[in-house]
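Undergrad: Pasting a structure here, questions to come.
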Protein chains: 2
Amino acid sequence: MPLFNRITIIGVGLIGGSLAKDIKKKKLCNKLAGFFRNKHKLNKAIREKIVDIGCSDLKESIKNSDLVILALPINHIIRTMFEIKKIADSKTIIMDVGSTKNKIAQVADKLGLNFVGTHPLAGSEKKGIDFSAERLFDNSKVIITPTKKTNKKAIRKVKTLWEKLNANVITLSPQQHDKIISFTSHLPHLVSFSLINSIPQKFLPFGASGLKDTTRIALSDAEIWSDIFLNNKELLKSLDALRKELGEMARLIKTNKRNNLIQNINKARNKRKSIE
Amino acid sequence: MPLFNRITIIGVGLIGGSLAKDIKKKKLCNKLAGFFRNKHKLNKAIREKIVDIGCSDLKESIKNSDLVILALPINHIIRTMFEIKKIADSKTIIMDVGSTKNKIAQVADKLGLNFVGTHPLAGSEKKGIDFSAERLFDNSKVIITPTKKTNKKAIRKVKTLWEKLNANVITLSPQQHDKIISFTSHLPHLVSFSLINSIPQKFLPFGASGLKDTTRIALSDAEIWSDIFLNNKELLKSLDALRKELGEMARLIKTNKRNNLIQNINKARNKRKSIE
């Protein structure tokens with residue numbers, strides 16, 4: 001018997017589409033439904049058999065589903081949670097895959113949704129179903145962020161879902177999540193945007209592979225990332241930590257402190273080696 | 001007839017070794033000599049036929065050479081220029097491949113060397129002859145930085161050498177070079193070091209591909225890069241530009257300026273797309 005009877009994915013883009021592909025392939029539900037605002041995308045997803053059922057009506061799409069996955073940008077997740085509250089059966093598990101967790105958890109608790117927050121550390125600077133891929137979550141970390149109010153059985157089922165997708169599941173509080181990810185994902189994105197913005201356009205053709213690598217994620221979507229930044233105030237603390245490091249580098253260069261510079265760079269090298 | 005009779009490469013590492021391989025393959029000189037401080041590396045280079053002649057005596061190595069290539073870290077380039085001044089024939093062209101150009105050009109002019117500064121925008125965070133590669137300079141940009149004192153014939157010969165290695169040669173003043181490259185290469189390296197140093201070690205395992213890409217160049221050599229930073233004071237201005245951008249991002253997040261954030265990120269995306 002599959003893990004779920006009917007799953008509905010709301011937002012069948014890079015992450016939602018990749019989930020759809022693996023959920024179907026691994027037969028983790030009897031019926032897979034997708035909610036699409038865009039008719040063209042709905043028809044395409046049906047034609048390509050990415051979902052079994054395509055709906056453009058939210059209520060219709062989640063009817064009889066025992067799991068609803070919100071694979072949307074942060075602000076849309078929150079908006080959809082309010083809509084779902086009015087129409088969902090209280091037994092339906094609602095799960096999201098957003099990149100910030102604290103704000104979403106607060107809304108879920110306030111609304112009294114049967115909700116489990118998750119964040120798969122997978123994806124890319126790309127966007128949309130055309131970039132969705134099978135096995136995207138293989139060996140990737142997925143953080144589950146229950147609160148005191150989260151239903152234990154719902155946590156277990158969501159955890160099993162991710163494990164069946166070959167993810168390594170880690171449980172953190174929403175606050176811990178936002179603090180850690182502000183450093184390891186949100187800050188690198190912010191830096192990447194600011195770095196390329198600080199370089200005069202006419203100098204850019206002189207950039208080689210170093211510049212390209214450090215700014216690849218500056219190709220990421222503007223709305224998605226501004227909402228992530230605005231929904232994770234921990235980011236301001238991480239940014240302060242970075243600005244302090246940059247100030248220290250400036251001081252070492254200005255005062256010609258070669259040994260300290262070497263020390264600082266070697267510390268960076270060793271930290272970077274530890275995640276190679 | 002080859003472009004040069006005898007070329008000597010001083011410092012047969014990633015860049016010097018790659019130069020050696022292509023110079024030999026394309027028969028750009030009759031004899032290729034290499035200077036090695038390390039006997040073991042000398043023997044290995046001879047055994048692997050990367051150079052025709054290996055020397056551990058500097059005077060011996062440059063004797064009868066019409067081109068000497070300094071493929072060393074910045075500070076070693078400057079030190080070697082002083083040594084070479086005492087022993088080189090004034091007809092011998094001295095060329096370097098260092099990542100900063102103004103300081104080196106000043107020393108060359110002061111010493112009255114027959115010198116042409118160059119900077120190939122190629123390489124990687126790796127170091128040493130084991131990472132040298134054929135065709136490393138194919139389609140890469142190489143900046144030549146003559147001063148008013150630079151011999152015109154020497155410029156032409158050095159330019160021809162790089163063109164025969166399939167590089168796109170661009171001529172800039174040493175000052176222009178240092179300004180541009182401070183933004184497109186030195187700043188990304190500095191940021192990469194500071195970014196990873198600002199992240200607590202225990203959070204690093206949560207880093208995904210975004211963090212890895214933005215900090216790949218933090219694997220670069222500490223002595224090489226501290227000397228680059230100390231030899232290009234333009235970097236402090238580029239760093240100021242970046243710190244201003246980061247301050248602006250902090251302000252937009254603090255004051256919830258969503259539209260301005262989106263605008264800023266879209267500007268970054270478009271700039272990044274222009275070098276894709």
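Labels for the structure tokens follow display order: chains A, B, ..., residues from 1 in each chain, ligands from 1.
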Show me, as number ranges by chain, the residues that have an atom within 10 Å of Ser18 (chain A) when counting only C-alpha atoms, minus same-chain residues fewer than 4 positions from it.
TA: A: 12-14, 22-23, 50, 123, 129-137
Undergrad: Hey, could you make a per-residue contact list for chain A against chain B with 7 Å as the cut-off, showing the nearest pair of atoms and its distance in Å to one decimal, counting only C-alpha atoms, sorted by chain and number, as CSV?
TA:
```
residue,atom,partner,partner_atom,distance
A:Leu121,CA,B:Ala208,CA,6.3
A:Ile180,CA,B:Phe203,CA,5.8
A:Phe183,CA,B:Ile199,CA,5.9
A:Thr184,CA,B:Gly207,CA,5.0
A:Ser185,CA,B:Leu211,CA,6.3
A:Pro188,CA,B:Leu211,CA,6.0
A:Phe193,CA,B:Ala268,CA,5.2
A:Ser194,CA,B:Glu245,CA,5.5
A:Leu195,CA,B:Leu242,CA,6.0
A:Ile196,CA,B:Ala268,CA,5.9
A:Asn197,CA,B:Ala268,CA,5.4
A:Ser198,CA,B:Leu242,CA,5.1
A:Ile199,CA,B:Phe183,CA,5.9
A:Gln201,CA,B:Lys271,CA,6.9
A:Phe203,CA,B:Ile180,CA,5.8
A:Leu204,CA,B:Thr184,CA,6.6
A:Pro205,CA,B:Ile275,CA,6.5
A:Phe206,CA,B:Thr184,CA,6.4
A:Gly207,CA,B:Thr184,CA,4.9
A:Ala208,CA,B:Leu121,CA,6.3
A:Gly210,CA,B:Ile217,CA,6.3
A:Leu211,CA,B:Pro188,CA,6.0
A:Asp213,CA,B:Asp213,CA,5.2
A:Thr214,CA,B:Thr214,CA,3.8
A:Thr215,CA,B:Thr214,CA,6.6
A:Ile217,CA,B:Gly210,CA,6.3
A:Ala218,CA,B:Arg269,CA,5.4
A:Leu219,CA,B:Arg269,CA,4.7
A:Ser220,CA,B:Arg269,CA,7.0
A:Ala222,CA,B:Ile262,CA,5.1
A:Glu223,CA,B:Ile262,CA,5.8
A:Ser226,CA,B:Leu261,CA,5.8
A:Phe229,CA,B:Ile253,CA,6.7
A:Leu230,CA,B:Ile253,CA,5.8
A:Leu236,CA,B:Ala250,CA,6.5
A:Ala241,CA,B:Ser198,CA,5.6
A:Leu242,CA,B:Ser198,CA,5.2
A:Glu245,CA,B:Ser194,CA,5.5
A:Leu246,CA,B:Ser194,CA,6.0
A:Ala250,CA,B:Leu236,CA,6.5
A:Ile253,CA,B:Leu230,CA,5.8
A:Asn256,CA,B:Leu230,CA,6.5
A:Arg258,CA,B:Ser226,CA,6.4
A:Leu261,CA,B:Ser226,CA,5.8
A:Ile262,CA,B:Ala222,CA,5.1
A:Ile265,CA,B:Ala222,CA,5.2
A:Asn266,CA,B:Ala222,CA,5.7
A:Ala268,CA,B:Phe193,CA,5.2
A:Arg269,CA,B:Leu219,CA,4.7
A:Lys271,CA,B:Ile196,CA,6.9
A:Arg272,CA,B:Leu219,CA,6.4
A:Lys273,CA,B:Leu219,CA,6.9
A:Ile275,CA,B:Pro205,CA,6.5
```
Undergrad: How would the residues just chosen look if you wrote them out with N, CA and C atoms as a short mmCIF file (atom, residue, chain, number, x, y, z; two decimals), in the first residue's frame?
TA:
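Contents of the output file result03.cif:
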```cif
data_model
loop_
_atom_site.label_atom_id
_atom_site.label_comp_id
_atom_site.auth_asym_id
_atom_site.auth_seq_id
_atom_site.Cartn_x
_atom_site.Cartn_y
_atom_site.Cartn_z
N LEU A 121 17.44 20.86 1.01
CA LEU A 121 18.60 21.65 0.59
C LEU A 121 19.05 21.15 -0.78
N ILE A 180 20.76 28.82 11.00
CA ILE A 180 21.80 28.10 10.25
C ILE A 180 21.75 28.45 8.77
N PHE A 183 23.11 31.67 7.35
CA PHE A 183 24.55 31.68 7.08
C PHE A 183 24.92 30.88 5.83
N THR A 184 24.34 29.68 5.70
CA THR A 184 24.85 28.77 4.67
C THR A 184 24.19 28.93 3.31
N SER A 185 23.04 29.59 3.26
CA SER A 185 22.39 29.77 1.96
C SER A 185 21.98 31.22 1.70
N PRO A 188 25.18 33.68 1.36
CA PRO A 188 25.88 33.55 0.07
C PRO A 188 25.09 34.16 -1.09
N PHE A 193 24.69 38.65 -5.03
CA PHE A 193 24.00 39.79 -5.66
C PHE A 193 24.82 41.07 -5.46
N SER A 194 25.25 41.31 -4.22
CA SER A 194 25.95 42.56 -3.92
C SER A 194 27.31 42.62 -4.60
N LEU A 195 27.98 41.47 -4.67
CA LEU A 195 29.30 41.44 -5.29
C LEU A 195 29.21 41.88 -6.75
N ILE A 196 28.31 41.28 -7.49
CA ILE A 196 28.25 41.64 -8.92
C ILE A 196 27.71 43.05 -9.09
N ASN A 197 26.82 43.49 -8.20
CA ASN A 197 26.34 44.88 -8.30
C ASN A 197 27.44 45.90 -7.99
N SER A 198 28.44 45.50 -7.24
CA SER A 198 29.50 46.45 -6.89
C SER A 198 30.52 46.61 -8.02
N ILE A 199 30.47 45.71 -9.01
CA ILE A 199 31.45 45.75 -10.11
C ILE A 199 30.89 46.58 -11.27
N GLN A 201 29.79 47.71 -14.76
CA GLN A 201 29.41 46.88 -15.91
C GLN A 201 30.56 46.73 -16.92
N PHE A 203 33.63 46.59 -16.53
CA PHE A 203 34.74 45.72 -16.11
C PHE A 203 34.38 44.24 -16.19
N LEU A 204 33.07 43.94 -16.26
CA LEU A 204 32.63 42.55 -16.16
C LEU A 204 33.26 41.60 -17.19
N PRO A 205 33.48 42.06 -18.45
CA PRO A 205 34.08 41.12 -19.41
C PRO A 205 35.46 40.60 -18.99
N PHE A 206 36.09 41.24 -18.00
CA PHE A 206 37.38 40.77 -17.53
C PHE A 206 37.25 39.67 -16.47
N GLY A 207 36.03 39.33 -16.12
CA GLY A 207 35.83 38.30 -15.11
C GLY A 207 36.17 36.93 -15.66
N ALA A 208 36.86 36.12 -14.86
CA ALA A 208 37.19 34.75 -15.27
C ALA A 208 36.38 33.78 -14.40
N GLY A 210 36.67 32.53 -11.49
CA GLY A 210 36.47 32.88 -10.09
C GLY A 210 35.24 33.75 -9.90
N LEU A 211 35.13 34.78 -10.74
CA LEU A 211 33.97 35.67 -10.66
C LEU A 211 32.69 34.91 -11.02
N ASP A 213 31.98 31.72 -10.73
CA ASP A 213 31.56 30.81 -9.65
C ASP A 213 30.94 31.56 -8.48
N THR A 214 31.61 32.64 -8.06
CA THR A 214 31.13 33.34 -6.87
C THR A 214 29.79 34.02 -7.13
N THR A 215 29.44 34.22 -8.40
CA THR A 215 28.19 34.93 -8.69
C THR A 215 27.17 34.07 -9.46
N ILE A 217 24.96 32.07 -8.35
CA ILE A 217 23.65 32.14 -7.72
C ILE A 217 23.02 33.53 -7.80
N ALA A 218 23.77 34.50 -8.35
CA ALA A 218 23.15 35.81 -8.62
C ALA A 218 22.17 35.71 -9.79
N LEU A 219 22.12 34.55 -10.44
CA LEU A 219 21.15 34.32 -11.51
C LEU A 219 19.78 33.91 -10.94
N SER A 220 19.69 33.80 -9.63
CA SER A 220 18.45 33.33 -8.99
C SER A 220 17.32 34.35 -9.12
N ALA A 222 14.47 36.99 -8.57
CA ALA A 222 14.46 38.19 -7.71
C ALA A 222 13.31 38.18 -6.69
N GLU A 223 12.12 37.79 -7.11
CA GLU A 223 10.98 37.81 -6.17
C GLU A 223 11.16 36.75 -5.10
N SER A 226 13.94 38.01 -2.72
CA SER A 226 13.65 39.15 -1.85
C SER A 226 12.70 38.70 -0.75
N PHE A 229 14.73 36.86 1.88
CA PHE A 229 15.48 37.83 2.70
C PHE A 229 14.56 38.52 3.71
N LEU A 230 13.36 38.89 3.26
CA LEU A 230 12.46 39.63 4.14
C LEU A 230 11.83 38.74 5.21
N LEU A 236 20.12 39.31 8.91
CA LEU A 236 20.81 40.57 9.26
C LEU A 236 21.98 40.32 10.20
N ALA A 241 28.01 39.61 10.67
CA ALA A 241 29.22 38.79 10.86
C ALA A 241 30.13 38.93 9.63
N LEU A 242 29.52 38.90 8.45
CA LEU A 242 30.32 39.03 7.22
C LEU A 242 30.95 40.42 7.13
N GLU A 245 33.98 40.60 9.15
CA GLU A 245 35.11 39.91 8.52
C GLU A 245 35.73 40.79 7.43
N LEU A 246 34.87 41.43 6.63
CA LEU A 246 35.38 42.27 5.54
C LEU A 246 36.13 43.48 6.10
N ALA A 250 40.03 44.51 5.42
CA ALA A 250 40.43 45.86 5.00
C ALA A 250 41.53 46.39 5.93
N ILE A 253 44.86 44.67 5.30
CA ILE A 253 45.50 45.12 4.06
C ILE A 253 46.09 46.53 4.26
N ASN A 256 49.16 46.46 6.29
CA ASN A 256 50.20 45.55 5.81
C ASN A 256 50.50 44.37 6.72
N ARG A 258 50.81 41.04 6.81
CA ARG A 258 50.91 39.87 5.95
C ARG A 258 50.64 38.55 6.69
N LEU A 261 47.02 38.11 7.49
CA LEU A 261 46.28 37.83 6.26
C LEU A 261 46.41 36.36 5.88
N ILE A 262 47.65 35.88 5.92
CA ILE A 262 47.90 34.47 5.58
C ILE A 262 47.11 33.56 6.52
N ILE A 265 43.39 33.65 5.62
CA ILE A 265 43.10 32.93 4.38
C ILE A 265 43.24 31.42 4.61
N ASN A 266 44.24 31.02 5.39
CA ASN A 266 44.38 29.59 5.68
C ASN A 266 43.20 29.06 6.48
N ALA A 268 40.17 30.19 6.19
CA ALA A 268 39.10 30.07 5.17
C ALA A 268 39.29 28.80 4.34
N ARG A 269 40.54 28.57 3.91
CA ARG A 269 40.84 27.36 3.11
C ARG A 269 40.45 26.09 3.85
N LYS A 271 38.32 25.73 6.32
CA LYS A 271 36.86 25.61 6.46
C LYS A 271 36.26 25.15 5.13
N ARG A 272 36.75 25.70 4.04
CA ARG A 272 36.21 25.32 2.73
C ARG A 272 36.53 23.86 2.40
N LYS A 273 37.77 23.44 2.78
CA LYS A 273 38.15 22.04 2.54
C LYS A 273 37.21 21.09 3.27
N ILE A 275 34.16 21.12 3.60
CA ILE A 275 32.89 20.81 2.91
C ILE A 275 33.12 20.34 1.47
#
```
Undergrad: I'd like the interatomic distance between CA of Asp96 (chain A) and CA of Ala71 (chain A), to a tenth of an Å.
TA: 6.0 Å
Undergrad: Based on the backbone DSSP call, show me all residues of region 44-208 of chain A assigned alpha helix (DSSP H), as a ChimeraX atom specification.
TA: /A:44-47,58-62,74-87,102-111,152-164,174-181,187-198
Undergrad: Measure the distance from CA of Leu161 (chain A) to CA of Pro120 (chain A) in Å and round it to one decimal.
TA: 12.1 Å
Undergrad: I need the residues of region 53-156 of chain B that end up classed as strand (DSSP E) by DSSP on the backbone, written out as a PyMOL selection string.
TA: chain B and resi 53-55+67-70+93-96+115-120+141-144
Undergrad: For CA of Asp66 (chain B) and CA of Ile94 (chain B), quote the distance in Å rounded to one decimal.
TA: 8.5 Å
Undergrad: Smallest atom-to-atom distance to Lys27 (chain A): which of A:Leu165, A:Ala108, A:Ile46, A:Val97, using only C-alpha atoms?
TA: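 So, comparing all the options, the nearest one is A:Leu165.
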Undergrad: Which is closest to Ile155 (chain A) among A:Lys127, A:Lys110, A:Ile10, A:Ile93, if we use only C-alpha atoms?
TA: A:Ile93
